[in-house]
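Enquirer: First the structure, then my questions, so here it is.
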2 protein chains.
Amino acid sequence: MDIAILGTGVVGRTLGSALVRAGHVVRMGSRSASHPAAADWAAQAGAGASHGTFADAAEGADMVLNCTGGMASLEALQSVGAARLGGRVLVDVANPLDFSRGMPPSLSVCNTDSLGEQIQRAFPEARVVKALNTVNADVMVNPALVSGDHHLFICGNDGAAKEQVAGLLTTSLGWRPPQIVDLGDITAARATEMLLPLWIRVMQTIGSPHFGFRVSPPASLPDSTA
Amino acid sequence: MDIAILGTGVVGRTLGSALVRAGHVVRMGSRSASHPAAADWAAQAGAGASHGTFADAAEGADMVLNCTGGMASLEALQSVGAARLGGRVLVDVANPLDFSRGMPPSLSVCNTDSLGEQIQRAFPEARVVKALNTVNADVMVNPALVSGDHHLFICGNDGAAKEQVAGLLTTSLGWRPPQIVDLGDITAARATEMLLPLWIRVMQTIGSPHFGFRVSPPASLPDSTA
């Protein structure tokens, strides 16, 4: 597959490298055509890796992964432009974390709206799927870093787009199909983004970012989720 | 133990009945001294159950459980009064869910504050412990309704108060000590209250309120949480 990674941070580099290893063609996009972190990444990630502007990366991609910081995501996507995003599967991995007042961060949007919804509203022709935003980058590409069962929550308005994303997660990133829980339409992005404060507290409590959340099912139901 | 339950809803009645069965003296408090739901509950819950005003219930109690609706909690606690709450363990079970715009509810406070923190600020002498707000009432009193491991998150500023609450959970409500995860001070109430939107989406997705969330630990760490 031809995949655009928007963002040069840990999440973008980790996902990009794993997708190159899985055999995909990956272009990393950033603000400038010659971003040092993107150039370093492309040099090290091997054949299939390249870099350019946000727009360069998204041009002709089968799937676009938004791995920018949540406070900068809308601006980055505006520089890609609605025309390049139209009809495209856009995986929103970002969280709207605001670190401007230090730790712990607050969310710049939540409760009655979410970053996922803002992106879908700003680009109504894009097929937005919120995914991967509830786990650390190392876990995104290696779910077995977590002991025992854990779940990945996804949501979006386009069922076929969600299936494509679930396919990438399972064939290229090591997730098993029963680990992926579809929460419905893009308004569920409120729920998964609002999990971040708990994620941060748990990380501080156990001293590691390599954990996952599992939904333990009712004893009265067959355990179909693990 | 002498326990006050504030609130006559499903949460208050379910917790109250379980605590009477466990041998505690339980007084259910409500706005009026003769609330029909509280009177019915007291008649059916058996010896050890009684009812009265919020203030009647809290008077002399070893522990006070706030089971009122989150939008009404501060007013209910004001009617108990700071003098009766001073030095007392106050378990805040409520969530600040605002149903005024229908389903799904929003939170009336979140992100940079929480109901748990509002209560602690309003009653600085009370020993507030946020607990039980991330599971359905049936699960609160019967954790085994959920298949497999799941966790209960608690937080608060007073370590001894948290130990007392953990003691009640384990000796009287069926929770095992490793299921109880202490997230630290009362600001963690933001995290557990903000889990409610995900709780609601999961409930809608699996079609049952009888589930729990489990933190699946890093594979690199011994599993000390389950």
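By convention in this document, the chains of the structure tokens carry letters A, B, ... by their order, each chain's residues are numbered from 1, and ligands are numbered from 1 in the order they are shown.
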Can you list every residue in region 44-202 of chain A that DSSP puts in strand (DSSP E), as a PyMOL selection string?

Expert: chain A and resi 49-53+63-66+89-92+97-98+106-107+127-130+152-156+180-182

Enquirer: Could you name the residues that touch region 103-110 of chain A at 8 Å or less, counting only C-alpha atoms, but leaving out those on the same chain fewer than 5 positions away, as a ChimeraX atom specification?

Expert: /A:71,95-98,115,190,193-194,197,200 /B:111-112

Enquirer: Write a file of the selected residues as a PDB file, in the first residue's frame, keeping C-alpha atoms.

Expert:
ATOM      1  CA  MET A  71      -2.947  21.068  18.508  1.00  0.00           C
ATOM      2  CA  ASN A  95      -4.861  13.513  20.596  1.00  0.00           C
ATOM      3  CA  PRO A  96      -5.639  17.181  21.295  1.00  0.00           C
ATOM      4  CA  LEU A  97      -3.229  17.369  24.232  1.00  0.00           C
ATOM      5  CA  ASP A  98      -2.404  20.877  25.407  1.00  0.00           C
ATOM      6  CA  LEU A 115     -10.422  16.397  17.302  1.00  0.00           C
ATOM      7  CA  ARG A 190     -14.833  12.058  22.198  1.00  0.00           C
ATOM      8  CA  GLU A 193      -9.677  11.058  23.292  1.00  0.00           C
ATOM      9  CA  MET A 194     -11.129  11.556  26.778  1.00  0.00           C
ATOM     10  CA  PRO A 197      -6.234  11.617  31.195  1.00  0.00           C
ATOM     11  CA  ILE A 200      -1.578   9.370  31.733  1.00  0.00           C
TER      12      ILE A 200
ATOM     13  CA  ASN B 111     -10.715  18.347  31.730  1.00  0.00           C
ATOM     14  CA  THR B 112      -9.220  20.911  34.143  1.00  0.00           C
TER      15      THR B 112
END

Enquirer: Do me a favour and pick out the residues of chain A within 8 Å of chain B, using only C-alpha atoms, as a PyMOL selection string.

Expert: chain A and resi 106-107+110-112+144-150+182-184+188+190-192+194-198+201-202+205+208-220+223

Enquirer: Please produce a file of the residues just selected, as a PDB file, in the first residue's frame, where the atoms kept are C-alpha atoms.

Expert:
ATOM      1  CA  SER A 106      -5.444  19.173  29.325  1.00  0.00           C
ATOM      2  CA  LEU A 107      -7.450  18.511  26.167  1.00  0.00           C
ATOM      3  CA  CYS A 110     -13.463  17.487  24.548  1.00  0.00           C
ATOM      4  CA  ASN A 111     -16.832  16.567  26.036  1.00  0.00           C
ATOM      5  CA  THR A 112     -19.203  17.898  23.350  1.00  0.00           C
ATOM      6  CA  ALA A 144       2.413  -8.061  22.258  1.00  0.00           C
ATOM      7  CA  LEU A 145       4.415  -5.601  24.393  1.00  0.00           C
ATOM      8  CA  VAL A 146       1.323  -5.743  26.589  1.00  0.00           C
ATOM      9  CA  SER A 147       0.740  -8.848  28.660  1.00  0.00           C
ATOM     10  CA  GLY A 148      -2.627 -10.484  28.173  1.00  0.00           C
ATOM     11  CA  ASP A 149      -5.639  -9.190  26.335  1.00  0.00           C
ATOM     12  CA  HIS A 150      -6.158  -5.576  25.497  1.00  0.00           C
ATOM     13  CA  ASP A 182     -15.551  -0.612  16.631  1.00  0.00           C
ATOM     14  CA  LEU A 183     -17.362   1.984  18.754  1.00  0.00           C
ATOM     15  CA  GLY A 184     -19.465   3.362  15.915  1.00  0.00           C
ATOM     16  CA  ALA A 188     -16.993   8.184  19.614  1.00  0.00           C
ATOM     17  CA  ARG A 190     -14.833  12.058  22.198  1.00  0.00           C
ATOM     18  CA  ALA A 191     -14.769   8.863  24.230  1.00  0.00           C
ATOM     19  CA  THR A 192     -11.355   7.643  23.099  1.00  0.00           C
ATOM     20  CA  MET A 194     -11.129  11.556  26.778  1.00  0.00           C
ATOM     21  CA  LEU A 195      -9.428   8.304  27.811  1.00  0.00           C
ATOM     22  CA  LEU A 196      -6.095  10.146  27.669  1.00  0.00           C
ATOM     23  CA  PRO A 197      -6.234  11.617  31.195  1.00  0.00           C
ATOM     24  CA  LEU A 198      -6.730   8.096  32.567  1.00  0.00           C
ATOM     25  CA  ARG A 201      -2.523   8.579  35.358  1.00  0.00           C
ATOM     26  CA  VAL A 202      -2.102   4.846  34.783  1.00  0.00           C
ATOM     27  CA  THR A 205       1.043   4.787  38.505  1.00  0.00           C
ATOM     28  CA  SER A 208       5.504   2.336  32.022  1.00  0.00           C
ATOM     29  CA  PRO A 209       3.711   3.421  28.837  1.00  0.00           C
ATOM     30  CA  HIS A 210       3.522  -0.164  27.609  1.00  0.00           C
ATOM     31  CA  PHE A 211       0.043  -1.083  28.814  1.00  0.00           C
ATOM     32  CA  GLY A 212      -3.383  -1.429  27.277  1.00  0.00           C
ATOM     33  CA  PHE A 213      -6.999  -1.197  28.306  1.00  0.00           C
ATOM     34  CA  ARG A 214      -9.203  -4.231  28.019  1.00  0.00           C
ATOM     35  CA  VAL A 215     -12.988  -4.340  28.169  1.00  0.00           C
ATOM     36  CA  SER A 216     -13.768  -7.321  30.377  1.00  0.00           C
ATOM     37  CA  PRO A 217     -17.126  -8.600  29.191  1.00  0.00           C
ATOM     38  CA  PRO A 218     -20.219  -9.461  31.206  1.00  0.00           C
ATOM     39  CA  ALA A 219     -20.035 -12.985  32.646  1.00  0.00           C
ATOM     40  CA  SER A 220     -23.464 -13.536  31.064  1.00  0.00           C
ATOM     41  CA  ASP A 223     -16.336 -13.456  25.517  1.00  0.00           C
TER      42      ASP A 223
END

Enquirer: If you measure from CA of Cys155 (chain B) to CA of Leu132 (chain A), what distance in Å do you get, rounded to one decimal?

Expert: 27.2 Å

Enquirer: For region 32-48 of chain B, list every protein, DNA or RNA residue within 8 Å, evaluated using only C-alpha atoms, and leave out those in the same chain fewer than 2 positions away; present the list as number ranges by chain.

Expert: B: 8, 13, 16-17, 20, 23-26, 28-30, 50-54

Enquirer: Write out the residues from the selection above, keeping all heavy atoms, as a compact mmCIF listing (two decimals), in the first residue's frame.

Expert:
# COMPACT_ATOMS: atom_id res chain seq x y z
N THR B 8 -31.27 8.30 46.55
CA THR B 8 -32.25 7.21 46.58
C THR B 8 -32.38 6.52 45.22
O THR B 8 -33.31 5.75 45.00
CB THR B 8 -33.64 7.75 46.98
OG1 THR B 8 -34.05 8.68 45.95
CG2 THR B 8 -33.60 8.46 48.32
N ARG B 13 -29.62 2.70 46.28
CA ARG B 13 -30.40 1.55 46.79
C ARG B 13 -29.59 0.25 46.68
O ARG B 13 -29.60 -0.59 47.57
CB ARG B 13 -31.73 1.43 46.04
CG ARG B 13 -32.65 2.63 46.26
CD ARG B 13 -34.09 2.34 45.86
NE ARG B 13 -34.24 1.80 44.52
CZ ARG B 13 -34.43 2.53 43.41
NH1 ARG B 13 -34.49 3.86 43.50
NH2 ARG B 13 -34.57 1.96 42.25
N GLY B 16 -26.74 0.39 49.18
CA GLY B 16 -27.30 0.33 50.53
C GLY B 16 -27.72 -1.09 50.90
O GLY B 16 -27.39 -1.59 51.98
N SER B 17 -28.41 -1.75 49.97
CA SER B 17 -28.87 -3.11 50.26
C SER B 17 -27.69 -4.06 50.45
O SER B 17 -27.70 -4.91 51.35
CB SER B 17 -29.77 -3.62 49.12
OG SER B 17 -30.94 -2.82 49.07
N VAL B 20 -26.18 -3.47 53.88
CA VAL B 20 -27.01 -4.04 54.95
C VAL B 20 -26.77 -5.55 55.01
O VAL B 20 -26.57 -6.13 56.08
CB VAL B 20 -28.50 -3.72 54.73
CG1 VAL B 20 -29.39 -4.55 55.68
CG2 VAL B 20 -28.77 -2.23 54.93
N GLY B 23 -23.93 -6.63 56.87
CA GLY B 23 -23.94 -6.46 58.32
C GLY B 23 -23.77 -5.04 58.82
O GLY B 23 -23.62 -4.82 60.02
N HIS B 24 -23.79 -4.08 57.88
CA HIS B 24 -23.62 -2.69 58.31
C HIS B 24 -24.95 -2.05 58.67
O HIS B 24 -26.01 -2.49 58.22
CB HIS B 24 -22.94 -1.89 57.20
CG HIS B 24 -21.57 -2.39 56.84
ND1 HIS B 24 -20.47 -2.17 57.62
CD2 HIS B 24 -21.13 -3.16 55.80
CE1 HIS B 24 -19.41 -2.75 57.08
NE2 HIS B 24 -19.78 -3.36 55.98
N VAL B 25 -24.87 -1.01 59.48
CA VAL B 25 -26.02 -0.15 59.76
C VAL B 25 -26.02 0.94 58.69
O VAL B 25 -25.02 1.66 58.54
CB VAL B 25 -25.91 0.48 61.16
CG1 VAL B 25 -27.00 1.53 61.37
CG2 VAL B 25 -25.98 -0.61 62.22
N VAL B 26 -27.09 1.03 57.91
CA VAL B 26 -27.11 1.93 56.76
C VAL B 26 -28.30 2.89 56.86
O VAL B 26 -29.45 2.45 56.99
CB VAL B 26 -27.20 1.14 55.43
CG1 VAL B 26 -27.23 2.10 54.24
CG2 VAL B 26 -26.02 0.17 55.31
N MET B 28 -30.20 5.81 54.69
CA MET B 28 -30.32 6.45 53.38
C MET B 28 -30.86 7.86 53.54
O MET B 28 -31.92 8.05 54.15
CB MET B 28 -31.24 5.62 52.48
CG MET B 28 -31.42 6.23 51.09
SD MET B 28 -32.34 5.13 49.99
CE MET B 28 -31.10 3.90 49.62
N GLY B 29 -30.14 8.83 52.98
CA GLY B 29 -30.56 10.21 53.09
C GLY B 29 -31.09 10.75 51.78
O GLY B 29 -30.63 10.38 50.71
N SER B 30 -32.09 11.63 51.90
CA SER B 30 -32.64 12.29 50.70
C SER B 30 -33.08 13.70 51.07
O SER B 30 -32.88 14.14 52.20
CB SER B 30 -33.82 11.48 50.17
OG SER B 30 -34.88 11.51 51.09
N SER B 50 -32.36 2.27 57.60
CA SER B 50 -33.31 3.33 57.95
C SER B 50 -33.13 4.48 56.98
O SER B 50 -32.29 4.41 56.07
CB SER B 50 -33.07 3.79 59.40
OG SER B 50 -31.78 4.34 59.53
N HIS B 51 -33.92 5.52 57.13
CA HIS B 51 -33.83 6.65 56.19
C HIS B 51 -34.18 7.95 56.88
O HIS B 51 -34.75 7.96 57.97
CB HIS B 51 -34.71 6.40 54.97
CG HIS B 51 -36.18 6.47 55.27
ND1 HIS B 51 -36.96 7.53 54.90
CD2 HIS B 51 -36.98 5.61 55.94
CE1 HIS B 51 -38.21 7.31 55.30
NE2 HIS B 51 -38.26 6.15 55.94
N GLY B 52 -33.81 9.05 56.23
CA GLY B 52 -34.07 10.38 56.78
C GLY B 52 -33.57 11.43 55.81
O GLY B 52 -33.40 11.15 54.62
N THR B 53 -33.36 12.63 56.32
CA THR B 53 -32.81 13.68 55.46
C THR B 53 -31.33 13.39 55.20
O THR B 53 -30.72 12.53 55.84
CB THR B 53 -32.91 15.05 56.14
OG1 THR B 53 -32.09 15.02 57.32
CG2 THR B 53 -34.36 15.37 56.51
N PHE B 54 -30.75 14.13 54.25
CA PHE B 54 -29.31 14.00 54.02
C PHE B 54 -28.56 14.18 55.34
O PHE B 54 -27.63 13.42 55.65
CB PHE B 54 -28.84 15.05 53.00
CG PHE B 54 -29.27 14.79 51.57
CD1 PHE B 54 -29.91 15.78 50.83
CD2 PHE B 54 -29.01 13.57 50.95
CE1 PHE B 54 -30.29 15.55 49.51
CE2 PHE B 54 -29.39 13.34 49.64
CZ PHE B 54 -30.03 14.33 48.92

Enquirer: Considering only C-alpha atoms, return as a list of chain:residue names whatever protein or nucleic-acid residues lie within 10 Å of Ala160 (chain B), sequence-local ones (same chain, fewer than 4 positions apart) excluded.

Expert: B:Val89, B:Arg127, B:Gly156, B:Gln164, B:Val165, B:Ala166

Enquirer: Can I get the selection written as a PDB file, in the first residue's frame, with N, CA, C and O atoms?

Expert:
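Written file, result-v8.pdb:
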ATOM      1  N   VAL B  89     -14.816  10.162  56.251  1.00  0.00           N
ATOM      2  CA  VAL B  89     -14.520   9.596  54.935  1.00  0.00           C
ATOM      3  C   VAL B  89     -15.762   9.757  54.056  1.00  0.00           C
ATOM      4  O   VAL B  89     -16.838   9.263  54.401  1.00  0.00           O
ATOM      5  N   ARG B 127     -12.693  13.832  54.062  1.00  0.00           N
ATOM      6  CA  ARG B 127     -11.632  12.981  53.497  1.00  0.00           C
ATOM      7  C   ARG B 127     -12.220  12.283  52.273  1.00  0.00           C
ATOM      8  O   ARG B 127     -12.709  11.161  52.346  1.00  0.00           O
ATOM      9  N   GLY B 156      -7.719   9.956  45.896  1.00  0.00           N
ATOM     10  CA  GLY B 156      -8.038  10.870  46.985  1.00  0.00           C
ATOM     11  C   GLY B 156      -6.760  11.342  47.647  1.00  0.00           C
ATOM     12  O   GLY B 156      -5.695  10.758  47.442  1.00  0.00           O
ATOM     13  N   GLN B 164      -9.337   2.713  54.139  1.00  0.00           N
ATOM     14  CA  GLN B 164     -10.632   2.349  54.731  1.00  0.00           C
ATOM     15  C   GLN B 164     -11.643   1.991  53.642  1.00  0.00           C
ATOM     16  O   GLN B 164     -12.421   1.047  53.789  1.00  0.00           O
ATOM     17  N   VAL B 165     -11.640   2.753  52.559  1.00  0.00           N
ATOM     18  CA  VAL B 165     -12.578   2.470  51.466  1.00  0.00           C
ATOM     19  C   VAL B 165     -12.215   1.141  50.798  1.00  0.00           C
ATOM     20  O   VAL B 165     -13.093   0.314  50.519  1.00  0.00           O
ATOM     21  N   ALA B 166     -10.932   0.929  50.559  1.00  0.00           N
ATOM     22  CA  ALA B 166     -10.513  -0.350  49.970  1.00  0.00           C
ATOM     23  C   ALA B 166     -10.917  -1.506  50.882  1.00  0.00           C
ATOM     24  O   ALA B 166     -11.334  -2.570  50.414  1.00  0.00           O
TER      25      ALA B 166
END

Enquirer: Run DSSP on the backbone and tell me which residues of region 179-212 of chain A come out as alpha helix (DSSP H); list them as number ranges by chain.

Expert: A: 189-193, 196-206

Enquirer: Could you save those same residues with N, CA, C and O atoms as a PDB file, in the first residue's frame?

Expert:
ATOM      1  N   ALA A 189     -15.028   9.479  18.936  1.00  0.00           N
ATOM      2  CA  ALA A 189     -13.686  10.040  19.162  1.00  0.00           C
ATOM      3  C   ALA A 189     -13.643  10.823  20.475  1.00  0.00           C
ATOM      4  O   ALA A 189     -12.600  10.891  21.126  1.00  0.00           O
ATOM      5  N   ARG A 190     -14.798  11.405  20.877  1.00  0.00           N
ATOM      6  CA  ARG A 190     -14.833  12.058  22.198  1.00  0.00           C
ATOM      7  C   ARG A 190     -14.433  11.073  23.290  1.00  0.00           C
ATOM      8  O   ARG A 190     -13.678  11.396  24.204  1.00  0.00           O
ATOM      9  N   ALA A 191     -14.994   9.871  23.184  1.00  0.00           N
ATOM     10  CA  ALA A 191     -14.769   8.863  24.230  1.00  0.00           C
ATOM     11  C   ALA A 191     -13.315   8.421  24.263  1.00  0.00           C
ATOM     12  O   ALA A 191     -12.715   8.302  25.331  1.00  0.00           O
ATOM     13  N   THR A 192     -12.729   8.171  23.081  1.00  0.00           N
ATOM     14  CA  THR A 192     -11.355   7.643  23.099  1.00  0.00           C
ATOM     15  C   THR A 192     -10.337   8.745  23.393  1.00  0.00           C
ATOM     16  O   THR A 192      -9.328   8.493  24.048  1.00  0.00           O
ATOM     17  N   GLU A 193     -10.595   9.967  22.941  1.00  0.00           N
ATOM     18  CA  GLU A 193      -9.677  11.058  23.292  1.00  0.00           C
ATOM     19  C   GLU A 193      -9.758  11.378  24.785  1.00  0.00           C
ATOM     20  O   GLU A 193      -8.753  11.708  25.422  1.00  0.00           O
ATOM     21  N   LEU A 196      -7.505   9.767  27.476  1.00  0.00           N
ATOM     22  CA  LEU A 196      -6.095  10.146  27.669  1.00  0.00           C
ATOM     23  C   LEU A 196      -5.743  10.544  29.095  1.00  0.00           C
ATOM     24  O   LEU A 196      -4.686  10.140  29.602  1.00  0.00           O
ATOM     25  N   PRO A 197      -6.590  11.316  29.795  1.00  0.00           N
ATOM     26  CA  PRO A 197      -6.234  11.617  31.195  1.00  0.00           C
ATOM     27  C   PRO A 197      -6.059  10.355  32.038  1.00  0.00           C
ATOM     28  O   PRO A 197      -5.134  10.281  32.859  1.00  0.00           O
ATOM     29  N   LEU A 198      -6.907   9.351  31.821  1.00  0.00           N
ATOM     30  CA  LEU A 198      -6.730   8.096  32.567  1.00  0.00           C
ATOM     31  C   LEU A 198      -5.461   7.383  32.108  1.00  0.00           C
ATOM     32  O   LEU A 198      -4.707   6.843  32.927  1.00  0.00           O
ATOM     33  N   TRP A 199      -5.209   7.402  30.797  1.00  0.00           N
ATOM     34  CA  TRP A 199      -3.985   6.791  30.278  1.00  0.00           C
ATOM     35  C   TRP A 199      -2.758   7.381  30.988  1.00  0.00           C
ATOM     36  O   TRP A 199      -1.854   6.656  31.420  1.00  0.00           O
ATOM     37  N   ILE A 200      -2.726   8.696  31.117  1.00  0.00           N
ATOM     38  CA  ILE A 200      -1.578   9.370  31.733  1.00  0.00           C
ATOM     39  C   ILE A 200      -1.452   8.988  33.207  1.00  0.00           C
ATOM     40  O   ILE A 200      -0.355   8.703  33.697  1.00  0.00           O
ATOM     41  N   ARG A 201      -2.585   8.952  33.936  1.00  0.00           N
ATOM     42  CA  ARG A 201      -2.523   8.579  35.358  1.00  0.00           C
ATOM     43  C   ARG A 201      -2.057   7.142  35.522  1.00  0.00           C
ATOM     44  O   ARG A 201      -1.300   6.833  36.450  1.00  0.00           O
ATOM     45  N   VAL A 202      -2.525   6.247  34.679  1.00  0.00           N
ATOM     46  CA  VAL A 202      -2.102   4.846  34.783  1.00  0.00           C
ATOM     47  C   VAL A 202      -0.610   4.738  34.473  1.00  0.00           C
ATOM     48  O   VAL A 202       0.138   4.036  35.162  1.00  0.00           O
ATOM     49  N   MET A 203      -0.159   5.454  33.451  1.00  0.00           N
ATOM     50  CA  MET A 203       1.263   5.433  33.096  1.00  0.00           C
ATOM     51  C   MET A 203       2.101   5.893  34.290  1.00  0.00           C
ATOM     52  O   MET A 203       3.110   5.270  34.631  1.00  0.00           O
ATOM     53  N   GLN A 204       1.673   6.953  34.949  1.00  0.00           N
ATOM     54  CA  GLN A 204       2.409   7.441  36.123  1.00  0.00           C
ATOM     55  C   GLN A 204       2.350   6.427  37.262  1.00  0.00           C
ATOM     56  O   GLN A 204       3.317   6.255  38.012  1.00  0.00           O
ATOM     57  N   THR A 205       1.227   5.723  37.385  1.00  0.00           N
ATOM     58  CA  THR A 205       1.043   4.787  38.505  1.00  0.00           C
ATOM     59  C   THR A 205       1.883   3.526  38.324  1.00  0.00           C
ATOM     60  O   THR A 205       2.509   3.051  39.275  1.00  0.00           O
ATOM     61  N   ILE A 206       1.888   2.974  37.106  1.00  0.00           N
ATOM     62  CA  ILE A 206       2.623   1.713  36.912  1.00  0.00           C
ATOM     63  C   ILE A 206       4.047   1.958  36.414  1.00  0.00           C
ATOM     64  O   ILE A 206       4.853   1.029  36.384  1.00  0.00           O
TER      65      ILE A 206
END

Enquirer: Can you pull out every residue within 10 Å of Asn66 (chain B), counting only C-alpha atoms, but drop anything in the same chain fewer than 2 positions away, and send it as a PyMOL selection string?

Expert: chain B and resi 4-7+11-12+29+63-64+68-70+73-74+76-77+90-94+128+130
